[in-house]
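work_7.cif (mmCIF, C-alpha atoms)
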data_work
#
loop_
_atom_site.label_atom_id
_atom_site.label_comp_id
_atom_site.auth_asym_id
_atom_site.auth_seq_id
_atom_site.Cartn_x
_atom_site.Cartn_y
_atom_site.Cartn_z
CA MET L 1130 39.62 122.42 34.29
CA ALA L 1131 37.26 122.19 31.32
CA GLY L 1132 38.64 121.31 27.89
CA THR L 1133 38.53 123.60 24.91
CA THR L 1134 35.33 123.38 22.92
CA LYS L 1135 35.65 123.32 19.14
CA GLU L 1136 32.65 123.98 16.90
CA ILE L 1137 32.33 121.63 13.92
CA VAL L 1138 30.35 122.93 10.93
CA ILE L 1139 29.45 120.32 8.32
CA ARG L 1140 28.66 121.57 4.84
CA SER L 1141 27.20 119.88 1.80
CA GLY L 1142 29.13 119.69 -1.45
CA GLY L 1143 27.34 122.92 -2.48
CA GLY L 1144 28.47 124.72 0.69
CA GLU L 1145 25.17 124.68 2.60
CA VAL L 1146 25.38 124.06 6.34
CA VAL L 1147 23.88 120.65 7.16
CA ALA L 1148 25.08 120.38 10.77
CA ARG L 1149 26.71 122.20 13.65
CA MET L 1150 28.06 120.47 16.72
CA ASN L 1151 30.77 120.80 19.33
CA LEU L 1152 33.72 118.68 20.36
CA GLU L 1153 35.36 118.81 23.75
CA ALA L 1154 38.27 116.53 24.63
CA GLY L 1155 37.68 114.65 21.36
CA VAL L 1156 34.02 113.76 22.02
CA LEU L 1157 30.71 115.37 21.14
CA HIS L 1158 29.69 117.76 23.90
CA GLY L 1159 27.15 120.58 23.87
CA PRO L 1160 24.61 121.58 21.24
CA CYS L 1161 24.15 119.65 18.00
CA GLU L 1162 21.84 120.60 15.14
CA TRP L 1163 21.13 118.95 11.78
CA TYR L 1164 19.43 120.54 8.76
CA ASP L 1165 17.85 118.90 5.74
CA GLY L 1166 18.78 119.73 2.15
CA TRP L 1167 16.33 122.67 2.18
CA GLY L 1168 17.82 124.26 5.31
CA ASN L 1169 15.08 123.13 7.71
CA LEU L 1170 16.13 122.13 11.22
CA VAL L 1171 15.39 118.38 11.60
CA ALA L 1172 17.17 117.56 14.88
CA PHE L 1173 18.47 119.56 17.83
CA GLY L 1174 19.92 118.21 21.04
CA PHE L 1175 22.73 118.38 23.56
CA PHE L 1176 25.51 115.85 23.94
CA LYS L 1177 27.17 115.25 27.28
CA SER L 1178 30.62 113.63 27.23
CA GLY L 1179 30.06 111.92 23.87
CA VAL L 1180 26.54 110.58 24.34
CA PRO L 1181 23.12 112.07 23.58
CA PHE L 1182 21.76 113.77 26.68
CA THR L 1183 18.62 115.78 25.87
CA GLY L 1184 16.84 116.52 22.59
CA THR L 1185 16.57 114.88 19.19
CA PHE L 1186 19.45 113.25 17.35
CA LEU L 1187 20.00 111.57 13.99
CA ASN L 1188 21.42 108.06 14.35
CA TRP L 1189 22.82 107.41 10.87
CA SER L 1190 23.63 103.76 11.69
CA LYS L 1191 19.89 103.02 11.41
CA PHE L 1192 20.10 103.86 7.70
CA MET L 1193 23.67 102.97 6.73
CA ASP L 1194 24.32 99.25 7.12
CA ASP L 1195 28.10 99.67 7.10
CA LEU L 1196 28.13 102.00 10.14
CA SER L 1197 28.72 100.50 13.55
CA ASN L 1198 25.74 100.72 15.88
CA GLU L 1199 28.06 100.25 18.88
CA ASN L 1200 29.18 103.87 18.86
CA SER L 1201 26.80 105.67 16.52
CA TYR L 1202 27.93 109.02 17.85
CA ASP L 1203 31.69 108.67 17.40
CA PRO L 1204 32.86 112.03 15.95
CA GLN L 1205 35.03 110.35 13.31
CA THR L 1206 31.89 108.84 11.80
CA TYR L 1207 29.14 111.21 12.92
CA CYS L 1208 30.71 114.49 11.79
CA LYS L 1209 30.16 113.99 8.04
CA ASP L 1210 27.61 115.08 5.44
CA TRP L 1211 25.20 112.16 5.88
CA VAL L 1212 22.26 114.37 4.83
CA ARG L 1213 23.15 114.27 1.13
CA ILE L 1214 23.62 110.48 1.20
CA PHE L 1215 20.42 109.93 3.20
CA GLU L 1216 18.26 112.19 1.03
CA ALA L 1217 19.58 110.60 -2.18
CA GLY L 1218 17.82 107.38 -1.12
CA PHE L 1219 14.41 109.06 -1.54
CA ASP L 1220 14.11 109.61 -5.30
CA SER L 1221 10.45 110.49 -5.67
CA GLU L 1222 9.37 111.23 -2.10
CA LEU L 1223 10.40 113.51 0.73
CA PRO L 1224 13.10 112.09 3.03
CA ARG L 1225 11.70 110.38 6.11
CA TYR L 1226 13.95 111.54 8.93
CA GLU L 1227 11.87 109.64 11.48
CA ARG L 1228 13.74 106.52 10.26
CA VAL L 1229 16.95 107.80 11.88
CA LEU L 1230 15.54 110.02 14.63
CA GLU L 1231 16.14 109.33 18.30
CA ALA L 1232 15.00 111.39 21.28
CA TYR L 1233 16.65 111.54 24.70
CA CYS L 1234 15.77 113.12 28.03
CA LYS L 1235 18.50 113.41 30.67
CA GLY L 1236 20.54 110.66 29.01
CA GLN L 1237 17.68 108.18 28.65
CA LYS L 1238 16.38 107.23 25.20
CA ILE L 1239 12.66 107.97 24.99
CA TYR L 1240 12.14 107.49 21.23
CA PRO L 1241 11.92 105.11 19.61
CA PRO L 1242 10.69 103.04 22.52
CA ARG L 1243 12.72 99.97 23.36
CA GLU L 1244 11.33 96.78 21.94
#
Mind converting the file's structure to structure tokens?
Amino acid sequence: MAGTTKEIVIRSGGGEVVARMNLEAGVLHGPCEWYDGWGNLVAFGFFKSGVPFTGTFLNWSKFMDDLSNENSYDPQTYCKDWVRIFEAGFDSELPRYERVLEAYCKGQKIYPPRE
């Protein structure tokens, strides 16, 4: 029997939606989308049982030194307004989301390539 899916909507301090994702049995499962501070979609993917499965994802641990890279997609950490914090680090230039972007296909990371 499948668990109950709960949609999580993350809003900025001003009330704008910065992310939508789903939890099932306490882990990320299903669609996940992130928006920048101007409302543009910057990442869209599907989680499967708590791990990225297919699409693009924002791995905030690549930008925030104090976040654990072991479980970058733990809902307790991941389901927060990281957009505002990330964009604040780019005073006079547009935010560079490629710094935190990862891409997966069928559970395998395809970007960035492994070193």
Going by the chain IDs and residue numbers used in this file, which residues fall under the PyMOL selection byres ((chain L and resi 1164) around 10)? Write them as a PDB file with C-alpha atoms, in the coordinates of the input.
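Heads up, here's the output in expr06.pdb:
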ATOM      1  CA  GLU L1145      25.170 124.680   2.600  1.00  0.00           C
ATOM      2  CA  VAL L1146      25.380 124.060   6.340  1.00  0.00           C
ATOM      3  CA  VAL L1147      23.880 120.650   7.160  1.00  0.00           C
ATOM      4  CA  ALA L1148      25.080 120.380  10.770  1.00  0.00           C
ATOM      5  CA  ARG L1149      26.710 122.200  13.650  1.00  0.00           C
ATOM      6  CA  GLU L1162      21.840 120.600  15.140  1.00  0.00           C
ATOM      7  CA  TRP L1163      21.130 118.950  11.780  1.00  0.00           C
ATOM      8  CA  ASP L1165      17.850 118.900   5.740  1.00  0.00           C
ATOM      9  CA  GLY L1166      18.780 119.730   2.150  1.00  0.00           C
ATOM     10  CA  TRP L1167      16.330 122.670   2.180  1.00  0.00           C
ATOM     11  CA  GLY L1168      17.820 124.260   5.310  1.00  0.00           C
ATOM     12  CA  ASN L1169      15.080 123.130   7.710  1.00  0.00           C
ATOM     13  CA  LEU L1170      16.130 122.130  11.220  1.00  0.00           C
ATOM     14  CA  VAL L1171      15.390 118.380  11.600  1.00  0.00           C
ATOM     15  CA  ALA L1172      17.170 117.560  14.880  1.00  0.00           C
ATOM     16  CA  PHE L1173      18.470 119.560  17.830  1.00  0.00           C
ATOM     17  CA  VAL L1212      22.260 114.370   4.830  1.00  0.00           C
TER      18      VAL L1212
END
- Task: Enumerate, as a list in words, the protein, DNA and RNA residues whose atoms approach (24.5, 114.6, 21.1) to within 8 Å, taking into account all atoms listed in the file and the coordinate frame of the file.
- Result: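 Collected hits near the coordinates: Leu1157, His1158, Gly1159, Pro1160, Cys1161, Gly1174, Phe1175, Phe1176, Lys1177, Gly1179, Val1180, Pro1181, Phe1182, Thr1183, Phe1186 and Tyr1202 of chain L.
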Ground truth for the PyMOL selection byres ((chain L and resi 1241) around 10), written as a JSON list (two decimals) with C-alpha atoms, keeping the file's coordinate frame:
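Dumped everything to expr10.json:
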[["chain", "number", "residue", "atom", "x", "y", "z"],
["L", 1227, "GLU", "CA", 11.87, 109.64, 11.48],
["L", 1228, "ARG", "CA", 13.74, 106.52, 10.26],
["L", 1229, "VAL", "CA", 16.95, 107.80, 11.88],
["L", 1230, "LEU", "CA", 15.54, 110.02, 14.63],
["L", 1231, "GLU", "CA", 16.14, 109.33, 18.30],
["L", 1232, "ALA", "CA", 15.00, 111.39, 21.28],
["L", 1233, "TYR", "CA", 16.65, 111.54, 24.70],
["L", 1238, "LYS", "CA", 16.38, 107.23, 25.20],
["L", 1239, "ILE", "CA", 12.66, 107.97, 24.99],
["L", 1240, "TYR", "CA", 12.14, 107.49, 21.23],
["L", 1242, "PRO", "CA", 10.69, 103.04, 22.52],
["L", 1243, "ARG", "CA", 12.72, 99.97, 23.36],
["L", 1244, "GLU", "CA", 11.33, 96.78, 21.94]]
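Relative to CA of Arg1225 in chain L, CA of Val1138 in chain L is found at 23.0 Å.
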- Atom-to-atom span, CA of Gly1142 in chain L and CA of Tyr1226 in chain L, Å: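 Computing the Euclidean distance for CA of Gly1142 in chain L and CA of Tyr1226 in chain L yields 20.1 Å.
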- Message: I need the residue nearest Pro1224 in chain L from this list: L:Phe1192, L:Glu1199, L:Arg1140, L:Pro1204. Use all atoms listed in the file for the distance.
- Response: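 Using all atoms listed in the file, the shortest distance to Pro1224 in chain L belongs to L:Phe1192.
Of the listed residues L:Met1193, L:Cys1234, L:Leu1187, L:Cys1208, the one whose atoms come nearest to Ile1139 in chain L is L:Cys1208, with distances taken using all atoms listed in the file.
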Where atoms are lacking, range 1218-1236 of chain L completed to N, CA, C and O atoms, as a PDB file, in the coordinates of the input:
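In the end it all went to out.pdb:
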ATOM      1  N   GLY L1218      18.556 108.641  -1.146  1.00  0.00           N
ATOM      2  CA  GLY L1218      17.820 107.380  -1.120  1.00  0.00           C
ATOM      3  C   GLY L1218      16.318 107.545  -1.284  1.00  0.00           C
ATOM      4  O   GLY L1218      15.581 106.573  -1.298  1.00  0.00           O
ATOM      5  N   PHE L1219      15.844 108.770  -1.412  1.00  0.00           N
ATOM      6  CA  PHE L1219      14.410 109.060  -1.540  1.00  0.00           C
ATOM      7  C   PHE L1219      14.169 109.775  -2.859  1.00  0.00           C
ATOM      8  O   PHE L1219      13.953 110.972  -2.910  1.00  0.00           O
ATOM      9  N   ASP L1220      14.208 109.027  -3.954  1.00  0.00           N
ATOM     10  CA  ASP L1220      14.110 109.610  -5.300  1.00  0.00           C
ATOM     11  C   ASP L1220      12.842 110.414  -5.538  1.00  0.00           C
ATOM     12  O   ASP L1220      12.902 111.557  -5.958  1.00  0.00           O
ATOM     13  N   SER L1221      11.689 109.829  -5.300  1.00  0.00           N
ATOM     14  CA  SER L1221      10.450 110.490  -5.670  1.00  0.00           C
ATOM     15  C   SER L1221       9.571 110.877  -4.482  1.00  0.00           C
ATOM     16  O   SER L1221       8.403 111.196  -4.644  1.00  0.00           O
ATOM     17  N   GLU L1222      10.127 110.850  -3.290  1.00  0.00           N
ATOM     18  CA  GLU L1222       9.370 111.230  -2.100  1.00  0.00           C
ATOM     19  C   GLU L1222      10.246 112.050  -1.178  1.00  0.00           C
ATOM     20  O   GLU L1222      11.467 112.075  -1.320  1.00  0.00           O
ATOM     21  N   LEU L1223       9.640 112.736  -0.239  1.00  0.00           N
ATOM     22  CA  LEU L1223      10.400 113.510   0.730  1.00  0.00           C
ATOM     23  C   LEU L1223      11.144 112.566   1.673  1.00  0.00           C
ATOM     24  O   LEU L1223      10.624 111.501   2.018  1.00  0.00           O
ATOM     25  N   PRO L1224      12.341 112.935   2.088  1.00  0.00           N
ATOM     26  CA  PRO L1224      13.100 112.090   3.030  1.00  0.00           C
ATOM     27  C   PRO L1224      12.322 111.907   4.327  1.00  0.00           C
ATOM     28  O   PRO L1224      11.680 112.834   4.818  1.00  0.00           O
ATOM     29  N   ARG L1225      12.405 110.714   4.874  1.00  0.00           N
ATOM     30  CA  ARG L1225      11.700 110.380   6.110  1.00  0.00           C
ATOM     31  C   ARG L1225      12.706 110.310   7.258  1.00  0.00           C
ATOM     32  O   ARG L1225      13.225 109.253   7.575  1.00  0.00           O
ATOM     33  N   TYR L1226      12.963 111.455   7.855  1.00  0.00           N
ATOM     34  CA  TYR L1226      13.950 111.540   8.930  1.00  0.00           C
ATOM     35  C   TYR L1226      13.548 110.752  10.171  1.00  0.00           C
ATOM     36  O   TYR L1226      14.403 110.397  10.980  1.00  0.00           O
ATOM     37  N   GLU L1227      12.280 110.427  10.314  1.00  0.00           N
ATOM     38  CA  GLU L1227      11.870 109.640  11.480  1.00  0.00           C
ATOM     39  C   GLU L1227      12.539 108.267  11.485  1.00  0.00           C
ATOM     40  O   GLU L1227      12.640 107.630  12.526  1.00  0.00           O
ATOM     41  N   ARG L1228      13.030 107.820  10.337  1.00  0.00           N
ATOM     42  CA  ARG L1228      13.740 106.520  10.260  1.00  0.00           C
ATOM     43  C   ARG L1228      15.044 106.543  11.045  1.00  0.00           C
ATOM     44  O   ARG L1228      15.530 105.500  11.470  1.00  0.00           O
ATOM     45  N   VAL L1229      15.654 107.702  11.195  1.00  0.00           N
ATOM     46  CA  VAL L1229      16.950 107.800  11.880  1.00  0.00           C
ATOM     47  C   VAL L1229      16.887 108.657  13.137  1.00  0.00           C
ATOM     48  O   VAL L1229      17.898 108.887  13.791  1.00  0.00           O
ATOM     49  N   LEU L1230      15.701 109.119  13.495  1.00  0.00           N
ATOM     50  CA  LEU L1230      15.540 110.020  14.630  1.00  0.00           C
ATOM     51  C   LEU L1230      15.504 109.265  15.952  1.00  0.00           C
ATOM     52  O   LEU L1230      14.875 108.212  16.066  1.00  0.00           O
ATOM     53  N   GLU L1231      16.201 109.815  16.925  1.00  0.00           N
ATOM     54  CA  GLU L1231      16.140 109.330  18.300  1.00  0.00           C
ATOM     55  C   GLU L1231      15.922 110.534  19.207  1.00  0.00           C
ATOM     56  O   GLU L1231      16.391 111.626  18.895  1.00  0.00           O
ATOM     57  N   ALA L1232      15.225 110.327  20.310  1.00  0.00           N
ATOM     58  CA  ALA L1232      15.000 111.390  21.280  1.00  0.00           C
ATOM     59  C   ALA L1232      15.478 110.918  22.655  1.00  0.00           C
ATOM     60  O   ALA L1232      15.285 109.755  23.021  1.00  0.00           O
ATOM     61  N   TYR L1233      16.118 111.836  23.372  1.00  0.00           N
ATOM     62  CA  TYR L1233      16.650 111.540  24.700  1.00  0.00           C
ATOM     63  C   TYR L1233      16.211 112.610  25.690  1.00  0.00           C
ATOM     64  O   TYR L1233      16.025 113.777  25.319  1.00  0.00           O
ATOM     65  N   CYS L1234      16.050 112.195  26.932  1.00  0.00           N
ATOM     66  CA  CYS L1234      15.770 113.120  28.030  1.00  0.00           C
ATOM     67  C   CYS L1234      16.674 112.736  29.189  1.00  0.00           C
ATOM     68  O   CYS L1234      16.603 111.597  29.687  1.00  0.00           O
ATOM     69  N   LYS L1235      17.555 113.636  29.563  1.00  0.00           N
ATOM     70  CA  LYS L1235      18.500 113.410  30.670  1.00  0.00           C
ATOM     71  C   LYS L1235      19.275 112.111  30.507  1.00  0.00           C
ATOM     72  O   LYS L1235      19.444 111.352  31.453  1.00  0.00           O
ATOM     73  N   GLY L1236      19.713 111.831  29.279  1.00  0.00           N
ATOM     74  CA  GLY L1236      20.540 110.660  29.010  1.00  0.00           C
ATOM     75  C   GLY L1236      19.794 109.363  28.764  1.00  0.00           C
ATOM     76  O   GLY L1236      20.406 108.347  28.450  1.00  0.00           O
TER      77      GLY L1236
END
